[in-house]
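Source file: coords_28.csv (CSV, C-alpha atoms)
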chain,number,residue,atom,x,y,z
S,107,MET,CA,5.8,18.4,-19.6
S,108,ASN,CA,2.3,17.3,-18.4
S,109,ARG,CA,1.6,17.6,-14.7
S,110,ILE,CA,-0.5,15.3,-12.5
S,111,ALA,CA,-1.7,16.6,-9.1
S,112,PHE,CA,-2.0,14.6,-5.9
S,113,ARG,CA,-3.1,15.5,-2.3
S,114,LEU,CA,-0.9,14.4,0.6
S,115,PRO,CA,-3.0,13.2,3.7
S,116,ASP,CA,-2.7,15.4,6.8
S,117,ASP,CA,-1.6,12.4,8.8
S,118,GLY,CA,0.2,9.1,8.3
S,119,VAL,CA,-2.5,6.7,9.5
S,120,TRP,CA,-3.0,5.1,6.1
S,121,THR,CA,0.6,3.9,5.6
S,122,GLY,CA,-0.2,2.1,2.4
S,123,GLY,CA,-1.7,5.2,0.7
S,124,VAL,CA,1.3,7.4,1.7
S,125,ASN,CA,3.7,4.7,0.5
S,126,TYR,CA,1.8,4.5,-2.8
S,127,LEU,CA,2.0,8.2,-3.3
S,128,GLU,CA,5.8,8.1,-2.7
S,129,THR,CA,6.2,5.2,-5.1
S,130,VAL,CA,4.3,7.1,-7.9
S,131,CYS,CA,6.3,10.3,-7.4
S,132,ARG,CA,9.6,8.5,-7.5
S,133,ALA,CA,8.6,6.5,-10.6
S,134,LEU,CA,7.5,9.6,-12.5
S,135,LEU,CA,10.6,11.6,-11.6
S,136,LYS,CA,12.9,8.7,-12.4
S,137,HIS,CA,11.2,8.2,-15.8
S,138,SER,CA,10.5,11.8,-16.8
S,139,ASP,CA,10.9,10.9,-20.4
S,140,LEU,CA,7.4,9.5,-20.3
S,141,GLY,CA,6.1,13.1,-20.1
S,142,TYR,CA,4.5,13.5,-16.7
S,143,GLU,CA,5.7,15.1,-13.5
S,144,PRO,CA,4.0,15.0,-10.1
S,145,VAL,CA,2.8,18.0,-8.1
S,146,VAL,CA,1.7,17.3,-4.5
S,147,PHE,CA,-0.6,19.6,-2.6
S,148,CYS,CA,-0.2,19.5,1.2
S,149,ASN,CA,-1.4,21.3,4.3
S,150,PRO,CA,1.5,23.3,5.7
S,151,ASN,CA,0.2,22.6,9.2
S,152,GLY,CA,0.0,18.8,8.6
S,153,ASN,CA,2.3,16.0,9.8
S,154,PRO,CA,5.8,17.6,9.7
S,155,GLN,CA,7.5,14.3,9.2
S,156,LEU,CA,5.4,13.6,6.1
S,157,ARG,CA,6.0,17.0,4.7
S,158,ALA,CA,9.7,16.7,5.2
S,159,ARG,CA,9.7,13.2,3.6
S,160,PHE,CA,7.9,14.5,0.4
S,161,GLU,CA,9.9,17.7,0.2
S,162,ASN,CA,13.0,15.7,0.1
S,163,ILE,CA,11.6,13.8,-2.9
S,164,LEU,CA,9.8,16.6,-4.7
S,165,GLY,CA,11.5,19.9,-3.9
S,166,ASP,CA,9.3,22.8,-5.1
S,167,ARG,CA,6.9,20.3,-6.6
S,168,LEU,CA,5.5,20.0,-3.0
S,169,VAL,CA,3.0,22.8,-2.8
S,170,GLN,CA,2.2,23.8,0.8
S,171,ASP,CA,-1.0,25.8,0.8
S,172,PRO,CA,-3.4,26.4,3.7
S,173,THR,CA,-6.4,25.8,1.5
S,174,VAL,CA,-5.5,22.1,1.5
S,175,ALA,CA,-6.4,22.1,5.2
S,176,ARG,CA,-10.1,22.5,4.4
S,177,ARG,CA,-11.9,19.5,5.6
S,178,ARG,CA,-12.7,16.8,2.9
S,179,ARG,CA,-16.4,17.1,3.9
S,180,VAL,CA,-16.5,20.7,2.9
S,181,GLY,CA,-14.8,19.9,-0.4
S,182,LEU,CA,-17.3,17.0,-1.0
S,183,ILE,CA,-20.2,19.3,-0.3
S,184,GLY,CA,-18.9,21.7,-3.0
S,185,ALA,CA,-18.3,18.9,-5.4
S,186,LEU,CA,-21.9,17.6,-5.0
S,187,ALA,CA,-23.7,20.9,-4.8
S,188,PHE,CA,-21.8,23.0,-7.3
S,189,GLY,CA,-20.0,20.3,-9.3
S,190,ARG,CA,-16.5,21.2,-8.3
S,191,ASN,CA,-14.1,21.3,-5.3
S,192,GLN,CA,-13.2,24.9,-5.8
S,193,ALA,CA,-10.2,25.0,-3.4
S,194,VAL,CA,-8.5,22.1,-5.2
S,195,LEU,CA,-9.5,23.5,-8.6
S,196,THR,CA,-7.8,26.8,-7.8
S,197,LEU,CA,-4.6,25.0,-6.9
S,198,CYS,CA,-4.8,22.9,-10.1
S,199,LYS,CA,-5.1,26.0,-12.3
S,200,ARG,CA,-2.4,27.9,-10.4
S,201,HIS,CA,0.1,25.1,-10.9
S,202,GLN,CA,-1.0,24.2,-14.4
S,203,CYS,CA,-2.1,20.6,-13.7
S,204,ASP,CA,-3.4,18.5,-16.5
S,205,VAL,CA,-4.7,15.6,-14.4
S,206,ILE,CA,-5.5,15.1,-10.7
S,207,MET,CA,-5.7,11.7,-8.9
S,208,GLU,CA,-8.8,11.2,-6.8
S,209,ALA,CA,-8.0,8.9,-3.9
S,210,ALA,CA,-10.9,8.3,-1.5
S,211,GLU,CA,-12.4,11.6,-2.6
S,212,TYR,CA,-14.6,13.1,-5.4
S,213,MET,CA,-13.8,16.4,-7.1
S,214,GLY,CA,-17.2,17.0,-8.7
S,215,TRP,CA,-19.2,16.4,-11.8
S,216,ARG,CA,-18.2,19.7,-13.4
S,217,PHE,CA,-14.5,19.6,-12.4
S,218,PRO,CA,-12.7,21.0,-15.4
S,219,VAL,CA,-9.5,19.0,-15.1
S,220,ALA,CA,-9.2,15.3,-16.0
S,221,CYS,CA,-9.6,13.0,-13.0
S,222,LEU,CA,-7.9,9.6,-12.5
S,223,ALA,CA,-9.8,7.8,-9.8
S,224,TRP,CA,-7.5,5.4,-7.9
S,225,ILE,CA,-9.2,2.6,-6.0
S,226,PRO,CA,-6.7,0.6,-4.0
S,227,ASP,CA,-8.9,-2.5,-3.5
S,228,PHE,CA,-12.4,-3.8,-2.9
S,229,GLN,CA,-11.9,-5.0,0.6
S,230,ASP,CA,-15.2,-3.5,1.5
S,231,ARG,CA,-17.0,-6.0,-0.8
S,232,HIS,CA,-15.1,-9.0,0.4
S,233,LEU,CA,-14.9,-8.2,4.1
S,234,PRO,CA,-17.9,-6.0,4.8
S,235,HIS,CA,-18.0,-7.0,8.5
S,236,LEU,CA,-14.8,-5.0,9.0
S,237,PHE,CA,-16.5,-1.7,8.0
S,238,ARG,CA,-19.3,0.5,9.4
S,239,TYR,CA,-22.3,0.7,7.2
S,240,SER,CA,-21.7,4.4,6.6
S,241,GLY,CA,-18.2,3.7,5.3
S,242,LEU,CA,-19.5,1.0,2.9
S,243,TYR,CA,-22.2,3.4,1.6
S,244,ARG,CA,-19.8,6.3,1.1
S,245,LYS,CA,-17.3,4.2,-0.8
S,246,SER,CA,-19.9,2.7,-3.1
S,247,LEU,CA,-21.5,6.1,-3.7
S,248,ALA,CA,-18.1,7.7,-4.5
S,249,ILE,CA,-17.3,5.0,-7.1
S,250,ARG,CA,-20.7,5.3,-8.7
S,251,LEU,CA,-20.3,9.1,-8.9
S,252,GLN,CA,-16.9,8.7,-10.5
S,253,LEU,CA,-18.3,6.2,-13.0
S,254,ALA,CA,-21.2,8.5,-13.8
S,255,THR,CA,-18.9,11.4,-14.6
S,256,ALA,CA,-16.4,9.8,-17.0
S,257,ARG,CA,-13.6,9.0,-14.7
S,258,THR,CA,-10.9,6.5,-15.7
S,259,ILE,CA,-10.6,4.0,-12.8
S,260,LEU,CA,-7.1,3.1,-11.8
S,261,VAL,CA,-6.4,-0.2,-9.9
S,262,SER,CA,-3.2,-1.9,-9.0
S,263,SER,CA,-3.8,-5.5,-10.2
S,264,GLU,CA,-5.7,-7.7,-12.6
S,265,ASP,CA,-7.4,-9.1,-9.5
S,266,ALA,CA,-8.7,-5.7,-8.5
S,267,ARG,CA,-9.8,-5.0,-12.1
S,268,ASN,CA,-11.8,-8.2,-12.1
S,269,ASP,CA,-13.4,-7.1,-8.8
S,270,CYS,CA,-14.2,-3.6,-10.1
S,271,GLU,CA,-15.8,-4.8,-13.3
S,272,ARG,CA,-17.8,-7.5,-11.4
S,273,PHE,CA,-19.1,-5.2,-8.7
S,274,TYR,CA,-19.6,-2.1,-11.0
S,275,ALA,CA,-20.7,-3.2,-14.5
S,276,GLN,CA,-20.3,0.4,-15.7
S,277,ALA,CA,-16.6,0.2,-15.1
S,278,ARG,CA,-16.1,-2.4,-17.9
S,279,GLY,CA,-13.7,-0.9,-20.5
S,280,ARG,CA,-12.9,2.1,-18.3
S,281,THR,CA,-10.3,0.6,-15.9
S,282,ALA,CA,-6.6,0.8,-16.1
S,283,VAL,CA,-4.1,-1.4,-14.3
S,284,ALA,CA,-0.8,0.0,-13.0
S,285,ARG,CA,1.2,-2.5,-10.8
S,286,PHE,CA,3.4,-0.5,-8.6
S,287,ALA,CA,6.9,-1.6,-7.7
S,288,VAL,CA,9.7,-0.4,-5.4
S,289,LEU,CA,13.4,-0.1,-5.5
S,290,PRO,CA,15.3,-2.1,-2.8
S,291,ALA,CA,16.1,0.0,0.2
S,292,LEU,CA,19.5,-1.7,0.4
S,293,ARG,CA,22.2,-2.3,-2.1
S,294,PRO,CA,23.0,-6.0,-3.0
S,295,GLY,CA,25.2,-7.3,-0.2
S,296,GLU,CA,24.4,-4.5,2.2
S,297,ASN,CA,23.6,-5.5,5.7
S,298,ASP,CA,24.0,-4.3,9.3
S,299,PRO,CA,24.0,-7.0,11.9
S,300,GLN,CA,23.6,-4.4,14.6
S,301,VAL,CA,20.0,-3.8,13.5
S,302,PRO,CA,18.5,-7.1,14.6
S,303,THR,CA,20.6,-6.8,17.8
S,304,ARG,CA,19.3,-3.4,18.5
S,305,HIS,CA,15.7,-4.7,18.2
S,306,ALA,CA,16.6,-7.6,20.6
S,307,LEU,CA,15.9,-10.3,17.9
S,308,PRO,CA,17.2,-13.8,18.0
S,309,GLU,CA,19.4,-15.3,15.3
S,310,ARG,CA,16.4,-16.7,13.5
S,311,TYR,CA,13.0,-15.1,13.1
S,312,PHE,CA,10.1,-14.5,10.7
S,313,TYR,CA,9.3,-10.9,9.9
S,314,LEU,CA,5.8,-9.4,9.7
S,315,PRO,CA,6.0,-5.7,8.7
S,316,ASN,CA,2.3,-4.9,8.2
S,317,GLN,CA,0.5,-2.1,10.0
S,318,TYR,CA,-1.8,-3.4,12.7
S,319,TRP,CA,-5.1,-3.2,10.9
S,320,ALA,CA,-7.7,-6.0,11.6
S,321,HIS,CA,-7.6,-7.3,8.0
S,322,LYS,CA,-3.8,-7.7,8.2
S,323,ASN,CA,-4.6,-10.8,10.2
S,324,HIS,CA,-1.9,-10.8,12.9
S,325,THR,CA,-4.3,-12.5,15.2
S,326,ARG,CA,-4.3,-15.8,13.4
S,327,VAL,CA,-0.5,-15.8,13.2
S,328,VAL,CA,-0.6,-15.6,17.0
S,329,ASP,CA,-3.0,-18.6,17.1
S,330,ALA,CA,-0.5,-20.5,14.8
S,331,LEU,CA,2.4,-19.8,17.1
S,332,GLU,CA,0.4,-21.2,20.0
S,333,LEU,CA,-0.2,-24.4,18.1
S,334,LEU,CA,3.5,-24.6,17.2
S,335,ARG,CA,4.6,-24.1,20.8
S,336,ALA,CA,2.2,-26.8,22.0
S,337,ARG,CA,4.1,-29.3,19.9
S,338,GLY,CA,7.5,-28.1,20.8
S,339,THR,CA,8.4,-25.9,17.8
S,340,ASN,CA,9.6,-22.5,19.1
S,341,VAL,CA,9.1,-20.2,16.2
S,342,VAL,CA,9.6,-16.4,16.6
S,343,VAL,CA,7.7,-13.8,14.6
S,344,ALA,CA,8.9,-10.1,14.8
S,345,SER,CA,6.2,-7.6,13.9
S,346,SER,CA,6.4,-3.9,13.1
S,347,GLY,CA,4.2,-1.2,11.7
S,348,ASN,CA,1.8,1.6,12.4
S,349,PRO,CA,-0.4,0.6,15.5
S,350,GLN,CA,-3.4,2.8,14.5
S,351,ASP,CA,-6.4,1.2,12.9
S,352,PRO,CA,-9.0,3.9,12.4
S,353,ARG,CA,-11.8,1.5,11.9
S,354,HIS,CA,-10.9,-0.7,15.0
S,355,VAL,CA,-9.2,1.6,17.4
S,356,ASP,CA,-8.7,-1.0,20.1
S,357,HIS,CA,-7.3,-3.7,17.7
S,358,TYR,CA,-3.6,-3.2,18.6
S,359,THR,CA,-4.4,-3.2,22.3
S,360,ARG,CA,-6.4,-6.4,22.0
S,361,LEU,CA,-3.6,-8.0,20.0
S,362,ARG,CA,-1.0,-7.2,22.6
S,363,GLU,CA,-3.4,-8.5,25.3
S,364,LYS,CA,-3.9,-11.8,23.4
S,365,VAL,CA,-0.1,-12.3,23.1
S,366,ALA,CA,0.4,-11.7,26.8
S,367,LYS,CA,-2.6,-13.9,27.8
S,368,HIS,CA,-1.2,-16.9,25.9
S,369,ARG,CA,2.3,-16.3,27.2
S,370,LEU,CA,3.7,-15.8,23.7
S,371,THR,CA,5.7,-12.6,24.4
S,372,ASP,CA,8.9,-14.4,23.5
S,373,HIS,CA,7.4,-15.8,20.2
S,374,PHE,CA,5.5,-12.8,18.8
S,375,LEU,CA,7.5,-9.6,19.2
S,376,PHE,CA,6.3,-6.0,18.8
S,377,LEU,CA,9.0,-3.7,17.4
S,378,GLY,CA,6.9,-0.6,16.9
S,379,ASP,CA,6.9,1.7,13.9
S,380,ILE,CA,10.6,1.5,12.8
S,381,ALA,CA,12.8,3.2,10.2
S,382,THR,CA,12.6,2.1,6.6
S,383,ARG,CA,16.2,1.0,6.5
S,384,ASP,CA,15.7,-1.2,9.6
S,385,VAL,CA,12.6,-2.7,7.9
S,386,ALA,CA,14.7,-3.7,4.9
S,387,ILE,CA,17.5,-5.1,6.9
S,388,LEU,CA,15.2,-7.2,9.1
S,389,MET,CA,13.4,-8.4,6.0
S,390,ARG,CA,16.6,-9.5,4.2
S,391,SER,CA,18.0,-11.1,7.4
S,392,SER,CA,14.8,-13.0,8.4
S,393,VAL,CA,14.0,-16.6,7.7
S,394,ALA,CA,11.1,-15.2,5.6
S,395,MET,CA,8.8,-12.2,5.3
S,396,ILE,CA,5.2,-13.0,6.3
S,397,ASN,CA,2.1,-11.4,4.9
S,398,PRO,CA,-1.0,-13.2,6.3
S,399,SER,CA,-3.4,-10.5,5.1
S,400,LEU,CA,-7.1,-11.4,4.5
S,401,PHE,CA,-7.1,-8.9,1.6
S,402,GLU,CA,-4.8,-6.8,-0.6
S,403,GLY,CA,-5.0,-4.7,-3.7
S,404,TRP,CA,-1.3,-5.1,-4.4
S,405,SER,CA,1.0,-5.6,-1.4
S,406,THR,CA,3.8,-3.2,-0.7
S,407,THR,CA,5.5,-5.6,1.6
S,408,VAL,CA,5.6,-8.2,-1.1
S,409,GLU,CA,7.1,-5.8,-3.5
S,410,GLU,CA,9.7,-4.8,-0.9
S,411,ALA,CA,10.6,-8.5,-0.3
S,412,LYS,CA,10.8,-9.2,-4.0
S,413,SER,CA,13.2,-6.3,-4.5
S,414,LEU,CA,15.5,-7.6,-1.6
S,415,ALA,CA,15.4,-11.2,-2.7
S,416,ALA,CA,13.8,-12.1,0.7
S,417,ARG,CA,11.9,-15.3,1.1
S,418,MET,CA,8.1,-15.0,1.5
S,419,VAL,CA,5.3,-16.8,3.3
S,420,LEU,CA,2.0,-15.4,2.1
S,421,SER,CA,-1.8,-15.9,2.4
S,422,ASN,CA,-3.1,-17.6,-0.7
S,423,LEU,CA,-4.8,-14.5,-2.1
S,424,ALA,CA,-5.2,-14.4,-5.9
S,425,VAL,CA,-3.3,-11.0,-5.8
S,426,HIS,CA,-0.4,-12.5,-3.9
S,427,ARG,CA,-0.1,-15.2,-6.6
S,428,GLU,CA,-0.3,-12.6,-9.3
S,429,GLN,CA,2.6,-10.7,-7.6
S,430,THR,CA,4.9,-13.7,-7.0
S,431,GLY,CA,3.9,-16.6,-9.2
S,432,SER,CA,5.2,-19.8,-7.5
S,433,THR,CA,8.1,-18.2,-5.7
S,434,ALA,CA,6.5,-18.1,-2.2
S,435,GLU,CA,5.0,-20.4,0.3
S,436,PHE,CA,1.2,-20.0,0.5
S,437,PHE,CA,-1.3,-20.8,3.3
S,438,ASP,CA,-5.0,-20.4,4.0
S,439,PRO,CA,-5.2,-17.1,6.1
S,440,ASN,CA,-8.3,-18.3,7.9
S,441,ASP,CA,-6.8,-21.5,9.2
S,442,PRO,CA,-4.2,-21.3,12.0
S,443,VAL,CA,-3.4,-24.9,11.4
S,444,ALA,CA,-2.4,-24.2,7.8
S,445,ILE,CA,-0.4,-21.1,8.9
S,446,ALA,CA,1.4,-23.2,11.5
S,447,ALA,CA,2.3,-25.9,8.9
S,448,SER,CA,3.7,-23.3,6.5
S,449,LEU,CA,5.8,-21.6,9.1
S,450,GLU,CA,7.1,-24.9,10.4
S,451,ARG,CA,8.0,-26.1,6.9
S,452,VAL,CA,9.9,-22.9,6.0
S,453,TRP,CA,11.5,-22.7,9.5
S,454,SER,CA,12.8,-26.2,9.3
S,455,LYS,CA,14.2,-25.8,5.8
S,456,TYR,CA,15.9,-22.4,6.4
S,457,GLN,CA,19.7,-22.4,5.8
S,458,GLU,CA,20.9,-19.0,4.9
S,459,SER,CA,19.8,-15.6,3.5
S,460,SER,CA,19.8,-14.9,-0.2
S,461,THR,CA,23.1,-14.8,-2.1
S,462,LEU,CA,24.7,-11.7,-3.5
S,463,VAL,CA,23.8,-12.9,-7.0
S,464,GLU,CA,20.2,-13.4,-6.1
S,465,GLN,CA,20.1,-9.9,-4.5
S,466,GLN,CA,21.6,-8.3,-7.7
S,467,VAL,CA,19.0,-10.1,-9.9
S,468,ALA,CA,16.2,-8.9,-7.6
S,469,ALA,CA,17.4,-5.3,-7.7
S,470,ASP,CA,17.7,-5.4,-11.5
S,471,SER,CA,14.2,-6.8,-11.8
S,472,ALA,CA,12.8,-4.1,-9.5
S,473,GLU,CA,14.3,-1.4,-11.9
S,474,LEU,CA,12.4,-3.0,-14.8
S,475,ARG,CA,9.2,-3.3,-12.8
S,476,ILE,CA,9.3,0.4,-11.9
S,477,ARG,CA,9.7,1.4,-15.5
S,478,ASP,CA,6.7,-0.8,-16.4
S,479,PHE,CA,4.7,0.8,-13.6
S,480,ALA,CA,5.6,4.3,-14.8
S,481,GLU,CA,4.6,3.4,-18.3
S,482,GLN,CA,1.3,1.9,-17.1
S,483,PHE,CA,0.5,4.9,-14.8
S,484,THR,CA,1.2,7.5,-17.5
S,485,ARG,CA,-0.9,5.6,-20.0
S,486,ALA,CA,-3.7,5.7,-17.5
S,487,CYS,CA,-3.2,9.5,-17.1
S,488,THR,CA,-3.4,9.9,-20.9
S,489,GLN,CA,-6.5,7.7,-21.0
S,490,ALA,CA,-8.1,9.9,-18.3
S,491,ARG,CA,-7.4,13.1,-20.3
S,492,ALA,CA,-8.8,11.6,-23.5
S,493,ARG,CA,-12.0,10.5,-21.8
S,494,TYR,CA,-12.4,14.0,-20.2
S,495,ARG,CA,-11.9,15.7,-23.6
S,496,ARG,CA,-14.6,13.5,-25.2
S,497,ARG,CA,-17.0,14.2,-22.4
S,498,ALA,CA,-16.3,18.0,-22.6
S,499,ALA,CA,-16.7,18.2,-26.3
Is it possible to express this structure as structure tokens?
Amino acid sequence: MNRIAFRLPDDGVWTGGVNYLETVCRALLKHSDLGYEPVVFCNPNGNPQLRARFENILGDRLVQDPTVARRRRVGLIGALAFGRNQAVLTLCKRHQCDVIMEAAEYMGWRFPVACLAWIPDFQDRHLPHLFRYSGLYRKSLAIRLQLATARTILVSSEDARNDCERFYAQARGRTAVARFAVLPALRPGENDPQVPTRHALPERYFYLPNQYWAHKNHTRVVDALELLRARGTNVVVASSGNPQDPRHVDHYTRLREKVAKHRLTDHFLFLGDIATRDVAILMRSSVAMINPSLFEGWSTTVEEAKSLAARMVLSNLAVHREQTGSTAEFFDPNDPVAIAASLERVWSKYQESSTLVEQQVAADSAELRIRDFAEQFTRACTQARARYRRRAA
């Protein structure tokens, strides 16, 4: 059995990255016949909830080692100066890893294990105003270093592959696409009417389960609700997710202030960072799940909604269309008038949640997508190993 190594972040700020790692691990374990198993290195003094979450999935494949606690900057200095992140290399050798996934880090130009470089998206190229210059420079430098040292670049959509090969010509012919998928968190027909009640939700509501980062675009949804209220349409949007945006630390506070200032506290609801099962129940019970994001590499919330047969109202990103085809309602995420029109149209047509048959079909389709993802991911691992061997020869 081949082994691919990952590193678990010390905290849970980047919810999408943590969810992606869980998705990969579950897919590889479920489809072990494809020949790869995950090994995750983590800091034993890191976030205890995260460690417990991954220990439940991985058992002894979760390696808790104090050397993982070394700052990324120290590892990067070693990677640049000496060609290898020695602490990570020691762990890879000790646990007989054949591949390691680089996510927002660089292991070095002499790192003697095949590296698969995962780039979630190219938001920095499309929305540079949301980043500090230093952040833009570091990401561009990391990708160029990876391309200069024979990495295989893994992305999550054809849209991201097109971006990668457009912005970095050296990536052409060296990218791999693995579209991740998730199993439904609920069985077909499963529901719990006490969950919406516990969160003080009305009978009808839209659900927006994105973490509160600036590019997730909650602000324009609030603007759309203000337009709808002005013409007498009282739509409710319930939102939940991680309130921390490391690039815009006051974003969540300013969003809450905006909702209060415009007297929309009964129309835009803040539920906090809630349990996974609650998220699934609220998604399935809602009028529709909303993702108004200005940019995505491959949306986890869209995958969750697909697996549950939940209706969707989405920003008209190319990647959202790649994920859903024509099965969602789309709007211009920069135009509150367009958002309001889509919400009003779906709100007025809503009759009932998906049927048991629709939920079973969605669950079966999710199983097939996870198998496809596992096959795509393991092919990328094999591609990374082949490229490393050619370079080392």
From the list S:Ala287, S:Ala209, S:Cys221, S:Val169, which residue is nearest Arg477 (chain S) when using only C-alpha atoms?
->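 That would be S:Ala287, the residue with the smallest distance to Arg477 (chain S).
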Quick one: residues within 9 Å of (23.7, -16.1, 8.6) (file frame), counting all atoms listed in the file, please, as a VMD selection string.
-> chain S and resid 309 to 310 391 457 to 459
Using only C-alpha atoms, which of S:Gln429, S:Asn108, S:Ser262, S:Asn316 sits nearest Gln350 (chain S)?
-> S:Asn316
Polymer residues at most 10 Å from Ala469 (chain S), all atoms listed in the file, same-chain spacing of 5 or more positions, as an NGL selection string | :S and (288-294 or 412-415 or 463-464 or 474-475)
Nearest to Thr430 (chain S) by atom-to-atom distance, counting only C-alpha atoms, from S:Ala248, S:Ala416, S:Leu377, S:Ala447 |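 For Thr430 (chain S), the nearest of the given residues is S:Ala416.
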Who sits within 10 Å of Asp384 (chain S), all atoms listed in the file, same chain under 2 positions skipped, as a list in words | Ala291, Leu292, Asn297, Asp298, Gln300, Val301, Pro302, Arg304, His305, Ile380, Ala381, Thr382, Ala386, Ile387, Leu388, Met389 and Arg390 of chain S
